[in-house]
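This is input17.cif (mmCIF, N, CA and C atoms).
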data_start
#
loop_
_atom_site.label_atom_id
_atom_site.label_comp_id
_atom_site.auth_asym_id
_atom_site.auth_seq_id
_atom_site.Cartn_x
_atom_site.Cartn_y
_atom_site.Cartn_z
N ALA A 1 -3.16 -3.07 12.64
CA ALA A 1 -2.79 -3.75 13.86
C ALA A 1 -2.91 -5.27 13.69
N VAL A 2 -3.95 -5.71 12.99
CA VAL A 2 -4.11 -7.16 12.76
C VAL A 2 -2.95 -7.68 11.93
N ALA A 3 -2.62 -7.00 10.86
CA ALA A 3 -1.52 -7.43 10.00
C ALA A 3 -0.21 -7.47 10.77
N GLU A 4 -0.01 -6.52 11.66
CA GLU A 4 1.21 -6.52 12.48
C GLU A 4 1.22 -7.71 13.44
N ALA A 5 0.06 -8.07 13.95
CA ALA A 5 -0.03 -9.15 14.94
C ALA A 5 0.11 -10.53 14.31
N VAL A 6 -0.52 -10.76 13.16
CA VAL A 6 -0.53 -12.11 12.58
C VAL A 6 0.18 -12.19 11.23
N GLY A 7 0.58 -11.05 10.71
CA GLY A 7 1.26 -11.02 9.42
C GLY A 7 0.32 -10.59 8.31
N PRO A 8 0.78 -9.73 7.43
CA PRO A 8 -0.08 -9.26 6.35
C PRO A 8 -0.51 -10.37 5.40
N GLU A 9 0.32 -11.40 5.26
CA GLU A 9 -0.03 -12.51 4.37
C GLU A 9 -1.18 -13.35 4.91
N ARG A 10 -1.56 -13.13 6.17
CA ARG A 10 -2.67 -13.85 6.79
C ARG A 10 -3.83 -12.92 7.10
N THR A 11 -3.83 -11.76 6.48
CA THR A 11 -4.84 -10.75 6.76
C THR A 11 -5.54 -10.32 5.48
N GLY A 12 -6.85 -10.26 5.53
CA GLY A 12 -7.65 -9.76 4.42
C GLY A 12 -8.74 -8.87 4.97
N LEU A 13 -9.39 -8.16 4.07
CA LEU A 13 -10.46 -7.25 4.47
C LEU A 13 -11.60 -7.34 3.48
N ARG A 14 -12.80 -7.48 4.00
CA ARG A 14 -13.99 -7.47 3.15
C ARG A 14 -14.68 -6.12 3.31
N ILE A 15 -15.02 -5.53 2.18
CA ILE A 15 -15.77 -4.28 2.19
C ILE A 15 -17.02 -4.45 1.33
N SER A 16 -18.03 -3.68 1.64
CA SER A 16 -19.30 -3.75 0.91
C SER A 16 -19.76 -2.33 0.60
N PRO A 17 -19.11 -1.69 -0.35
CA PRO A 17 -19.45 -0.29 -0.65
C PRO A 17 -20.92 -0.11 -1.03
N GLY A 18 -21.57 0.81 -0.33
CA GLY A 18 -22.96 1.13 -0.63
C GLY A 18 -23.98 0.13 -0.13
N ASN A 19 -23.57 -0.83 0.68
CA ASN A 19 -24.51 -1.85 1.16
C ASN A 19 -25.53 -1.23 2.11
N PRO A 20 -26.83 -1.32 1.79
CA PRO A 20 -27.84 -0.69 2.63
C PRO A 20 -28.35 -1.56 3.78
N VAL A 21 -27.65 -2.66 4.09
CA VAL A 21 -28.13 -3.58 5.12
C VAL A 21 -28.35 -2.84 6.45
N ASN A 22 -29.38 -3.26 7.16
CA ASN A 22 -29.74 -2.69 8.46
C ASN A 22 -29.96 -1.18 8.41
N GLY A 23 -30.42 -0.69 7.26
CA GLY A 23 -30.76 0.71 7.14
C GLY A 23 -29.59 1.66 6.96
N MET A 24 -28.38 1.12 6.71
CA MET A 24 -27.23 1.99 6.51
C MET A 24 -27.40 2.77 5.21
N SER A 25 -26.81 3.94 5.18
CA SER A 25 -26.84 4.76 3.98
C SER A 25 -25.50 5.47 3.84
N GLU A 26 -24.86 5.28 2.69
CA GLU A 26 -23.59 5.94 2.40
C GLU A 26 -23.79 6.85 1.19
N SER A 27 -23.60 8.11 1.39
CA SER A 27 -23.74 9.03 0.27
C SER A 27 -22.40 9.30 -0.42
N ASP A 28 -21.33 8.83 0.20
CA ASP A 28 -19.99 9.12 -0.33
C ASP A 28 -19.18 7.86 -0.58
N SER A 29 -19.82 6.77 -1.01
CA SER A 29 -19.12 5.50 -1.20
C SER A 29 -17.90 5.61 -2.09
N PRO A 30 -17.98 6.23 -3.27
CA PRO A 30 -16.78 6.27 -4.11
C PRO A 30 -15.59 6.93 -3.42
N GLU A 31 -15.81 8.06 -2.80
CA GLU A 31 -14.71 8.77 -2.14
C GLU A 31 -14.21 8.02 -0.91
N LEU A 32 -15.14 7.50 -0.13
CA LEU A 32 -14.78 6.78 1.09
C LEU A 32 -13.92 5.56 0.79
N TYR A 33 -14.36 4.73 -0.14
CA TYR A 33 -13.65 3.48 -0.41
C TYR A 33 -12.39 3.69 -1.24
N THR A 34 -12.38 4.72 -2.06
CA THR A 34 -11.14 5.07 -2.76
C THR A 34 -10.07 5.44 -1.74
N ALA A 35 -10.43 6.29 -0.79
CA ALA A 35 -9.48 6.70 0.26
C ALA A 35 -9.05 5.50 1.11
N LEU A 36 -9.99 4.62 1.43
CA LEU A 36 -9.67 3.45 2.24
C LEU A 36 -8.65 2.56 1.52
N LEU A 37 -8.90 2.26 0.26
CA LEU A 37 -8.00 1.38 -0.48
C LEU A 37 -6.63 2.01 -0.67
N ARG A 38 -6.59 3.31 -0.91
CA ARG A 38 -5.29 3.99 -1.02
C ARG A 38 -4.52 3.90 0.28
N ALA A 39 -5.22 4.03 1.40
CA ALA A 39 -4.56 3.97 2.71
C ALA A 39 -4.10 2.55 3.03
N LEU A 40 -4.85 1.55 2.57
CA LEU A 40 -4.50 0.15 2.84
C LEU A 40 -3.38 -0.37 1.94
N ALA A 41 -3.20 0.21 0.77
CA ALA A 41 -2.25 -0.31 -0.22
C ALA A 41 -0.86 -0.57 0.36
N PRO A 42 -0.31 0.31 1.15
CA PRO A 42 1.05 0.05 1.67
C PRO A 42 1.13 -1.08 2.69
N THR A 43 0.00 -1.57 3.18
CA THR A 43 0.03 -2.60 4.23
C THR A 43 0.38 -3.98 3.70
N ASP A 44 0.22 -4.20 2.40
CA ASP A 44 0.52 -5.50 1.79
C ASP A 44 -0.31 -6.64 2.37
N ILE A 45 -1.54 -6.34 2.79
CA ILE A 45 -2.38 -7.44 3.26
C ILE A 45 -2.67 -8.38 2.10
N ALA A 46 -3.08 -9.59 2.42
CA ALA A 46 -3.20 -10.65 1.41
C ALA A 46 -4.24 -10.34 0.35
N TYR A 47 -5.35 -9.73 0.73
CA TYR A 47 -6.40 -9.45 -0.25
C TYR A 47 -7.39 -8.44 0.30
N VAL A 48 -8.13 -7.87 -0.63
CA VAL A 48 -9.35 -7.13 -0.32
C VAL A 48 -10.47 -7.86 -1.04
N HIS A 49 -11.56 -8.06 -0.33
CA HIS A 49 -12.73 -8.75 -0.87
C HIS A 49 -13.85 -7.72 -0.94
N ILE A 50 -14.34 -7.48 -2.16
CA ILE A 50 -15.44 -6.53 -2.34
C ILE A 50 -16.73 -7.30 -2.58
N MET A 51 -17.72 -6.98 -1.77
CA MET A 51 -19.08 -7.47 -1.99
C MET A 51 -19.76 -6.38 -2.81
N GLU A 52 -19.90 -6.63 -4.11
CA GLU A 52 -20.59 -5.65 -4.94
C GLU A 52 -22.04 -5.56 -4.52
N THR A 53 -22.57 -4.38 -4.56
CA THR A 53 -23.97 -4.18 -4.19
C THR A 53 -24.76 -3.59 -5.35
N GLY A 54 -24.44 -4.06 -6.56
CA GLY A 54 -25.21 -3.64 -7.72
C GLY A 54 -24.62 -2.46 -8.46
N ASP A 55 -23.34 -2.19 -8.27
CA ASP A 55 -22.73 -1.03 -8.92
C ASP A 55 -21.35 -1.39 -9.48
N ARG A 56 -21.32 -2.01 -10.66
CA ARG A 56 -20.04 -2.39 -11.27
C ARG A 56 -19.20 -1.15 -11.58
N GLY A 57 -19.86 -0.02 -11.84
CA GLY A 57 -19.11 1.21 -12.08
C GLY A 57 -18.24 1.58 -10.90
N LEU A 58 -18.75 1.39 -9.69
CA LEU A 58 -17.96 1.68 -8.50
C LEU A 58 -16.80 0.70 -8.40
N THR A 59 -17.04 -0.56 -8.70
CA THR A 59 -15.95 -1.54 -8.66
C THR A 59 -14.86 -1.16 -9.67
N ARG A 60 -15.26 -0.74 -10.85
CA ARG A 60 -14.27 -0.29 -11.86
C ARG A 60 -13.45 0.88 -11.32
N ARG A 61 -14.09 1.74 -10.59
CA ARG A 61 -13.39 2.91 -10.04
C ARG A 61 -12.44 2.51 -8.91
N LEU A 62 -12.83 1.51 -8.13
CA LEU A 62 -12.01 1.10 -6.99
C LEU A 62 -10.84 0.21 -7.39
N ARG A 63 -11.00 -0.60 -8.42
CA ARG A 63 -9.97 -1.59 -8.78
C ARG A 63 -8.57 -0.98 -8.93
N PRO A 64 -8.40 0.14 -9.61
CA PRO A 64 -7.04 0.68 -9.75
C PRO A 64 -6.42 1.16 -8.44
N GLU A 65 -7.24 1.34 -7.42
CA GLU A 65 -6.73 1.82 -6.13
C GLU A 65 -6.15 0.71 -5.28
N TRP A 66 -6.43 -0.55 -5.64
CA TRP A 66 -5.92 -1.67 -4.86
C TRP A 66 -4.91 -2.44 -5.70
N PRO A 67 -3.62 -2.39 -5.35
CA PRO A 67 -2.59 -3.04 -6.15
C PRO A 67 -2.46 -4.54 -5.91
N GLY A 68 -3.07 -5.03 -4.84
CA GLY A 68 -2.94 -6.43 -4.48
C GLY A 68 -4.07 -7.27 -5.03
N THR A 69 -4.21 -8.45 -4.46
CA THR A 69 -5.25 -9.39 -4.88
C THR A 69 -6.62 -8.87 -4.49
N LEU A 70 -7.52 -8.87 -5.48
CA LEU A 70 -8.88 -8.42 -5.24
C LEU A 70 -9.84 -9.56 -5.52
N LEU A 71 -10.59 -9.95 -4.48
CA LEU A 71 -11.64 -10.95 -4.59
C LEU A 71 -12.96 -10.20 -4.75
N LEU A 72 -13.85 -10.74 -5.56
CA LEU A 72 -15.11 -10.05 -5.81
C LEU A 72 -16.28 -10.99 -5.71
N ASN A 73 -17.26 -10.62 -4.91
CA ASN A 73 -18.56 -11.29 -4.91
C ASN A 73 -19.38 -10.49 -5.91
N PRO A 74 -19.56 -11.02 -7.13
CA PRO A 74 -20.06 -10.21 -8.24
C PRO A 74 -21.58 -10.01 -8.26
N HIS A 75 -21.95 -8.76 -8.19
CA HIS A 75 -23.34 -8.32 -8.33
C HIS A 75 -23.28 -7.03 -9.15
N PRO A 76 -23.14 -7.13 -10.47
CA PRO A 76 -22.85 -5.96 -11.30
C PRO A 76 -23.96 -4.93 -11.40
N ASP A 77 -25.20 -5.32 -11.14
CA ASP A 77 -26.30 -4.35 -11.19
C ASP A 77 -27.36 -4.74 -10.18
N ALA A 78 -28.36 -3.90 -10.07
CA ALA A 78 -29.38 -4.10 -9.04
C ALA A 78 -30.19 -5.37 -9.22
N ASN A 79 -30.18 -5.94 -10.41
CA ASN A 79 -30.95 -7.16 -10.68
C ASN A 79 -30.11 -8.43 -10.61
N SER A 80 -28.92 -8.35 -10.06
CA SER A 80 -28.00 -9.49 -10.09
C SER A 80 -27.87 -10.19 -8.74
N PHE A 81 -28.96 -10.26 -8.02
CA PHE A 81 -28.98 -10.97 -6.74
C PHE A 81 -29.93 -12.14 -6.85
N PRO A 82 -29.56 -13.35 -6.45
CA PRO A 82 -28.23 -13.73 -6.00
C PRO A 82 -27.25 -13.78 -7.17
N SER A 83 -25.98 -13.85 -6.83
CA SER A 83 -24.95 -13.87 -7.86
C SER A 83 -25.01 -15.16 -8.67
N ARG A 84 -24.50 -15.09 -9.86
CA ARG A 84 -24.48 -16.23 -10.78
C ARG A 84 -23.08 -16.37 -11.37
N PRO A 85 -22.71 -17.56 -11.80
CA PRO A 85 -21.38 -17.78 -12.37
C PRO A 85 -21.04 -16.82 -13.51
N GLU A 86 -21.99 -16.52 -14.36
CA GLU A 86 -21.69 -15.64 -15.49
C GLU A 86 -21.28 -14.24 -15.05
N TYR A 87 -21.75 -13.80 -13.89
CA TYR A 87 -21.31 -12.49 -13.39
C TYR A 87 -19.83 -12.55 -13.02
N GLY A 88 -19.41 -13.68 -12.47
CA GLY A 88 -18.00 -13.85 -12.14
C GLY A 88 -17.14 -13.92 -13.38
N VAL A 89 -17.61 -14.65 -14.39
CA VAL A 89 -16.86 -14.74 -15.65
C VAL A 89 -16.68 -13.35 -16.25
N ASP A 90 -17.75 -12.56 -16.26
CA ASP A 90 -17.68 -11.21 -16.79
C ASP A 90 -16.68 -10.35 -16.02
N ALA A 91 -16.68 -10.46 -14.69
CA ALA A 91 -15.77 -9.68 -13.86
C ALA A 91 -14.31 -10.05 -14.14
N LEU A 92 -14.05 -11.34 -14.29
CA LEU A 92 -12.68 -11.78 -14.58
C LEU A 92 -12.24 -11.32 -15.97
N ARG A 93 -13.12 -11.45 -16.93
CA ARG A 93 -12.79 -10.99 -18.30
C ARG A 93 -12.51 -9.49 -18.33
N GLU A 94 -13.30 -8.76 -17.57
CA GLU A 94 -13.16 -7.31 -17.53
C GLU A 94 -11.93 -6.87 -16.75
N GLY A 95 -11.41 -7.74 -15.91
CA GLY A 95 -10.22 -7.42 -15.13
C GLY A 95 -10.49 -6.65 -13.85
N VAL A 96 -11.74 -6.65 -13.37
CA VAL A 96 -12.03 -5.94 -12.13
C VAL A 96 -11.80 -6.81 -10.90
N ALA A 97 -11.43 -8.07 -11.11
CA ALA A 97 -11.17 -8.98 -10.00
C ALA A 97 -10.08 -9.98 -10.39
N ASP A 98 -9.37 -10.44 -9.38
CA ASP A 98 -8.39 -11.51 -9.58
C ASP A 98 -9.03 -12.87 -9.38
N ALA A 99 -10.06 -12.91 -8.57
CA ALA A 99 -10.81 -14.14 -8.31
C ALA A 99 -12.21 -13.74 -7.89
N VAL A 100 -13.16 -14.64 -8.12
CA VAL A 100 -14.53 -14.36 -7.69
C VAL A 100 -14.93 -15.35 -6.60
N VAL A 101 -15.82 -14.89 -5.76
CA VAL A 101 -16.32 -15.71 -4.65
C VAL A 101 -17.84 -15.63 -4.67
N PHE A 102 -18.46 -16.68 -4.17
CA PHE A 102 -19.91 -16.74 -4.14
C PHE A 102 -20.37 -17.11 -2.74
N GLY A 103 -21.41 -16.47 -2.26
CA GLY A 103 -21.96 -16.77 -0.95
C GLY A 103 -23.14 -17.71 -1.06
N GLU A 104 -24.29 -17.17 -1.44
CA GLU A 104 -25.51 -17.97 -1.53
C GLU A 104 -25.35 -19.14 -2.49
N LEU A 105 -24.65 -18.92 -3.59
CA LEU A 105 -24.49 -19.98 -4.57
C LEU A 105 -23.74 -21.17 -3.98
N TRP A 106 -22.71 -20.92 -3.17
CA TRP A 106 -22.00 -22.00 -2.49
C TRP A 106 -22.88 -22.65 -1.45
N LEU A 107 -23.59 -21.82 -0.71
CA LEU A 107 -24.43 -22.33 0.35
C LEU A 107 -25.45 -23.33 -0.18
N ALA A 108 -26.11 -22.97 -1.28
CA ALA A 108 -27.16 -23.82 -1.84
C ALA A 108 -26.63 -24.94 -2.71
N ASN A 109 -25.35 -24.89 -3.04
CA ASN A 109 -24.75 -25.88 -3.93
C ASN A 109 -23.41 -26.35 -3.37
N PRO A 110 -23.44 -27.24 -2.38
CA PRO A 110 -22.19 -27.69 -1.79
C PRO A 110 -21.26 -28.37 -2.79
N ASP A 111 -21.82 -28.77 -3.94
CA ASP A 111 -21.02 -29.36 -5.02
C ASP A 111 -20.86 -28.35 -6.16
N LEU A 112 -20.67 -27.09 -5.80
CA LEU A 112 -20.64 -26.02 -6.79
C LEU A 112 -19.60 -26.25 -7.89
N VAL A 113 -18.45 -26.76 -7.55
CA VAL A 113 -17.42 -26.99 -8.57
C VAL A 113 -17.95 -27.93 -9.65
N ASP A 114 -18.59 -29.01 -9.24
CA ASP A 114 -19.17 -29.94 -10.22
C ASP A 114 -20.24 -29.26 -11.06
N ARG A 115 -21.05 -28.45 -10.43
CA ARG A 115 -22.13 -27.76 -11.14
C ARG A 115 -21.57 -26.72 -12.11
N LEU A 116 -20.51 -26.03 -11.71
CA LEU A 116 -19.88 -25.08 -12.62
C LEU A 116 -19.33 -25.79 -13.86
N GLU A 117 -18.67 -26.91 -13.62
CA GLU A 117 -18.12 -27.68 -14.74
C GLU A 117 -19.23 -28.19 -15.66
N ALA A 118 -20.39 -28.53 -15.10
CA ALA A 118 -21.50 -29.05 -15.88
C ALA A 118 -22.37 -27.94 -16.47
N GLY A 119 -22.13 -26.70 -16.06
CA GLY A 119 -22.97 -25.60 -16.52
C GLY A 119 -24.31 -25.54 -15.81
N GLY A 120 -24.39 -26.09 -14.61
CA GLY A 120 -25.62 -26.08 -13.83
C GLY A 120 -26.26 -27.44 -13.88
N PRO A 121 -27.45 -27.56 -13.42
CA PRO A 121 -28.31 -26.53 -12.83
C PRO A 121 -27.87 -26.20 -11.41
N TYR A 122 -28.41 -25.09 -10.90
CA TYR A 122 -28.04 -24.61 -9.57
C TYR A 122 -29.26 -24.61 -8.67
N ASN A 123 -29.06 -25.08 -7.43
CA ASN A 123 -30.11 -24.97 -6.42
C ASN A 123 -30.24 -23.50 -6.04
N GLU A 124 -31.45 -23.09 -5.73
CA GLU A 124 -31.69 -21.75 -5.20
C GLU A 124 -31.59 -21.82 -3.67
N ALA A 125 -30.93 -20.84 -3.09
CA ALA A 125 -30.81 -20.78 -1.63
C ALA A 125 -32.15 -20.38 -1.02
N ASP A 126 -32.40 -20.88 0.16
CA ASP A 126 -33.61 -20.54 0.89
C ASP A 126 -33.24 -19.60 2.04
N PRO A 127 -33.43 -18.29 1.86
CA PRO A 127 -33.05 -17.33 2.91
C PRO A 127 -33.76 -17.55 4.24
N ASN A 128 -34.89 -18.24 4.23
CA ASN A 128 -35.59 -18.51 5.48
C ASN A 128 -34.80 -19.43 6.40
N THR A 129 -33.81 -20.13 5.86
CA THR A 129 -33.01 -21.04 6.68
C THR A 129 -31.66 -20.44 7.08
N PHE A 130 -31.35 -19.23 6.62
CA PHE A 130 -30.07 -18.61 6.97
C PHE A 130 -30.03 -18.34 8.46
N TYR A 131 -28.92 -18.69 9.09
CA TYR A 131 -28.69 -18.41 10.50
C TYR A 131 -29.77 -19.02 11.39
N GLY A 132 -30.25 -20.20 11.01
CA GLY A 132 -31.34 -20.82 11.75
C GLY A 132 -30.93 -21.59 12.97
N GLY A 133 -29.66 -21.86 13.15
CA GLY A 133 -29.21 -22.53 14.35
C GLY A 133 -28.99 -24.01 14.22
N ASP A 134 -29.35 -24.61 13.07
CA ASP A 134 -29.05 -26.03 12.89
C ASP A 134 -28.58 -26.25 11.45
N HIS A 135 -28.58 -27.50 11.02
CA HIS A 135 -28.05 -27.85 9.70
C HIS A 135 -28.98 -27.46 8.55
N THR A 136 -30.24 -27.16 8.85
CA THR A 136 -31.21 -26.88 7.80
C THR A 136 -30.76 -25.69 6.96
N GLY A 137 -30.68 -25.93 5.66
CA GLY A 137 -30.23 -24.88 4.76
C GLY A 137 -28.73 -24.81 4.58
N TYR A 138 -28.01 -25.70 5.25
CA TYR A 138 -26.55 -25.72 5.14
C TYR A 138 -26.04 -27.04 4.57
N THR A 139 -26.60 -28.12 5.04
CA THR A 139 -26.09 -29.42 4.60
C THR A 139 -27.16 -30.28 3.96
N ASP A 140 -28.32 -29.73 3.70
CA ASP A 140 -29.41 -30.56 3.18
C ASP A 140 -29.84 -30.23 1.76
N TYR A 141 -29.07 -29.42 1.05
CA TYR A 141 -29.39 -29.18 -0.35
C TYR A 141 -29.03 -30.39 -1.18
N PRO A 142 -29.83 -30.70 -2.20
CA PRO A 142 -29.53 -31.88 -3.02
C PRO A 142 -28.25 -31.68 -3.85
N SER A 143 -27.53 -32.77 -4.01
CA SER A 143 -26.33 -32.79 -4.85
C SER A 143 -26.70 -33.06 -6.29
N LEU A 144 -25.85 -32.61 -7.19
CA LEU A 144 -26.05 -32.82 -8.60
C LEU A 144 -26.05 -34.31 -8.93
N ASN A 145 -25.10 -35.03 -8.36
CA ASN A 145 -24.98 -36.47 -8.56
C ASN A 145 -25.05 -37.17 -7.21
N PRO A 146 -26.26 -37.43 -6.71
CA PRO A 146 -26.38 -38.06 -5.39
C PRO A 146 -25.69 -39.42 -5.35
N ALA A 147 -25.10 -39.69 -4.21
CA ALA A 147 -24.36 -40.96 -4.05
C ALA A 147 -25.31 -42.13 -3.90
#

Represent the structure of the file as structure tokens.
Amino acid sequence: AVAEAVGPERTGLRISPGNPVNGMSESDSPELYTALLRALAPTDIAYVHIMETGDRGLTRRLRPEWPGTLLLNPHPDANSFPSRPEYGVDALREGVADAVVFGELWLANPDLVDRLEAGGPYNEADPNTFYGGDHTGYTDYPSLNPA
């Protein structure tokens, strides 16, 4: 319905297979998300964004089911939180994603492009400031090259 209203080229969907946030539990993630992606394929939406939750095997299984652009927030295993640039490089090399995206890494490094080009270092995000209601934790991380 969204794609019909605004156009499929302006519509994307983020999924988080197996994400246990807020006590959720999925015992059928592979089957559920395989069916979802197969059903979505004919819609020609602009992209599907997968938030990996530590299971690259599931991402490998889902990738062939989505013929369009696939964005990936890479977390290939249970020890890969927060995400790191090398996880994205690995995902692109492996072909499980067309592009990679980063959440916490962008949040803590507003100059992430410069840091990627320099090979780091990277600020660590402070989860205590997430959704705090003001700029703290959003605009006060140090820059690689302060002005």

Which residues would end up in the selection if the PyMOL selection byres ((chain A and resi 77) around 6.5) were applied here, given that I need the answer as a list in words?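 Those residues are Thr53, Gly54, Asp55, Arg56, His75, Pro76, Ala78, Asn79, Ser80 and Phe81 of chain A.
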
### Message
Translate the PyMOL selection byres (((chain A and resi 67 and name CA) around 10) and name CA) into a concrete residue list for this structure, as a VMD selection string.
### Response
chain A and resid 37 to 38 40 to 42 44 47 to 48 63 to 66 68 to 70

Open item on the list: Considering only C-alpha atoms, can you say which of A:Ile45, A:Ala35, A:Ala108, A:Ile15 comes closest to Ala1 (chain A)?
Closed with: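 Closest residue, counting only C-alpha atoms: A:Ile45.
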
message: Could you tell me, as a ChimeraX atom specification, exactly which residues end up selected when the PyMOL selection byres ((chain A and resi 123-126) around 7) is applied to this structure?
response: /A:104-105,107-109,121-122,127-130,137

Notebook entry, point to check: What residues in chain A get the DSSP label helix (DSSP H, G or I)? Please answer as a ChimeraX atom specification.
Noted result: /A:2-6,8-10,21-23,29-43,56-65,85-94,104-108,112-118,127-129

d(atom C of Val21 (chain A), atom N of Met51 (chain A)) in Å: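 If I compute the distance from atom C of Val21 (chain A) to atom N of Met51 (chain A), I get 14.1 Å.
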
| Which parts of region 19-83 of chain A does DSSP call strand (DSSP E) when run on the backbone here, written out as a list in words? |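 Here are the strand (DSSP E) residues of region 19-83 of chain A: Tyr47, Val48, His49, Ile50, Met51, Thr69, Leu70, Leu71, Leu72 and Asn73 of chain A.
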
Could you write out the selected residues, including N, CA and C atoms, as a PDB file, in the frame of the given file?
ATOM      1  N   TYR A  47      -5.350  -9.730   0.730  1.00  0.00           N
ATOM      2  CA  TYR A  47      -6.400  -9.450  -0.250  1.00  0.00           C
ATOM      3  C   TYR A  47      -7.390  -8.440   0.300  1.00  0.00           C
ATOM      4  N   VAL A  48      -8.130  -7.870  -0.630  1.00  0.00           N
ATOM      5  CA  VAL A  48      -9.350  -7.130  -0.320  1.00  0.00           C
ATOM      6  C   VAL A  48     -10.470  -7.860  -1.040  1.00  0.00           C
ATOM      7  N   HIS A  49     -11.560  -8.060  -0.330  1.00  0.00           N
ATOM      8  CA  HIS A  49     -12.730  -8.750  -0.870  1.00  0.00           C
ATOM      9  C   HIS A  49     -13.850  -7.720  -0.940  1.00  0.00           C
ATOM     10  N   ILE A  50     -14.340  -7.480  -2.160  1.00  0.00           N
ATOM     11  CA  ILE A  50     -15.440  -6.530  -2.340  1.00  0.00           C
ATOM     12  C   ILE A  50     -16.730  -7.300  -2.580  1.00  0.00           C
ATOM     13  N   MET A  51     -17.720  -6.980  -1.770  1.00  0.00           N
ATOM     14  CA  MET A  51     -19.080  -7.470  -1.990  1.00  0.00           C
ATOM     15  C   MET A  51     -19.760  -6.380  -2.810  1.00  0.00           C
ATOM     16  N   THR A  69      -4.210  -8.450  -4.460  1.00  0.00           N
ATOM     17  CA  THR A  69      -5.250  -9.390  -4.880  1.00  0.00           C
ATOM     18  C   THR A  69      -6.620  -8.870  -4.490  1.00  0.00           C
ATOM     19  N   LEU A  70      -7.520  -8.870  -5.480  1.00  0.00           N
ATOM     20  CA  LEU A  70      -8.880  -8.420  -5.240  1.00  0.00           C
ATOM     21  C   LEU A  70      -9.840  -9.560  -5.520  1.00  0.00           C
ATOM     22  N   LEU A  71     -10.590  -9.950  -4.480  1.00  0.00           N
ATOM     23  CA  LEU A  71     -11.640 -10.950  -4.590  1.00  0.00           C
ATOM     24  C   LEU A  71     -12.960 -10.200  -4.750  1.00  0.00           C
ATOM     25  N   LEU A  72     -13.850 -10.740  -5.560  1.00  0.00           N
ATOM     26  CA  LEU A  72     -15.110 -10.050  -5.810  1.00  0.00           C
ATOM     27  C   LEU A  72     -16.280 -10.990  -5.710  1.00  0.00           C
ATOM     28  N   ASN A  73     -17.260 -10.620  -4.910  1.00  0.00           N
ATOM     29  CA  ASN A  73     -18.560 -11.290  -4.910  1.00  0.00           C
ATOM     30  C   ASN A  73     -19.380 -10.490  -5.910  1.00  0.00           C
TER      31      ASN A  73
END

I'd like the interatomic distance between atom C of Gly57 (chain A) and atom N of Gly12 (chain A), to a tenth of an Å.
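These two atoms are separated by 23.2 Å.
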
Starting from the incomplete input, reconstruct all heavy atoms of region 30-34 of chain A and write that as an mmCIF file, in the coordinates of the input.
data_model
loop_
_atom_site.group_PDB
_atom_site.id
_atom_site.type_symbol
_atom_site.label_atom_id
_atom_site.label_comp_id
_atom_site.auth_asym_id
_atom_site.auth_seq_id
_atom_site.Cartn_x
_atom_site.Cartn_y
_atom_site.Cartn_z
ATOM 1 N N PRO A 30 -17.980 6.230 -3.270
ATOM 2 C CA PRO A 30 -16.780 6.270 -4.110
ATOM 3 C C PRO A 30 -15.590 6.930 -3.420
ATOM 4 O O PRO A 30 -14.479 6.398 -3.426
ATOM 5 C CB PRO A 30 -17.223 7.076 -5.335
ATOM 6 C CG PRO A 30 -18.706 6.888 -5.387
ATOM 7 C CD PRO A 30 -19.133 6.814 -3.943
ATOM 8 N N GLU A 31 -15.810 8.060 -2.800
ATOM 9 C CA GLU A 31 -14.710 8.770 -2.140
ATOM 10 C C GLU A 31 -14.210 8.020 -0.910
ATOM 11 O O GLU A 31 -13.005 7.900 -0.691
ATOM 12 C CB GLU A 31 -15.171 10.181 -1.733
ATOM 13 C CG GLU A 31 -15.516 11.074 -2.899
ATOM 14 C CD GLU A 31 -16.921 10.830 -3.484
ATOM 15 O OE1 GLU A 31 -17.748 10.123 -2.846
ATOM 16 O OE2 GLU A 31 -17.179 11.319 -4.593
ATOM 17 N N LEU A 32 -15.140 7.500 -0.130
ATOM 18 C CA LEU A 32 -14.780 6.780 1.090
ATOM 19 C C LEU A 32 -13.920 5.560 0.790
ATOM 20 O O LEU A 32 -12.854 5.361 1.376
ATOM 21 C CB LEU A 32 -16.053 6.358 1.830
ATOM 22 C CG LEU A 32 -15.873 5.475 3.064
ATOM 23 C CD1 LEU A 32 -15.177 6.245 4.165
ATOM 24 C CD2 LEU A 32 -17.225 4.954 3.536
ATOM 25 N N TYR A 33 -14.360 4.730 -0.140
ATOM 26 C CA TYR A 33 -13.650 3.480 -0.410
ATOM 27 C C TYR A 33 -12.390 3.690 -1.240
ATOM 28 O O TYR A 33 -11.431 2.934 -1.110
ATOM 29 C CB TYR A 33 -14.602 2.446 -1.014
ATOM 30 C CG TYR A 33 -15.603 1.990 0.023
ATOM 31 C CD1 TYR A 33 -16.854 2.589 0.122
ATOM 32 C CD2 TYR A 33 -15.270 1.016 0.946
ATOM 33 C CE1 TYR A 33 -17.755 2.205 1.105
ATOM 34 C CE2 TYR A 33 -16.156 0.630 1.926
ATOM 35 C CZ TYR A 33 -17.401 1.225 2.010
ATOM 36 O OH TYR A 33 -18.278 0.846 2.988
ATOM 37 N N THR A 34 -12.380 4.720 -2.060
ATOM 38 C CA THR A 34 -11.140 5.070 -2.760
ATOM 39 C C THR A 34 -10.070 5.440 -1.740
ATOM 40 O O THR A 34 -8.933 4.958 -1.806
ATOM 41 C CB THR A 34 -11.383 6.228 -3.748
ATOM 42 O OG1 THR A 34 -12.283 5.786 -4.761
ATOM 43 C CG2 THR A 34 -10.089 6.702 -4.395
#
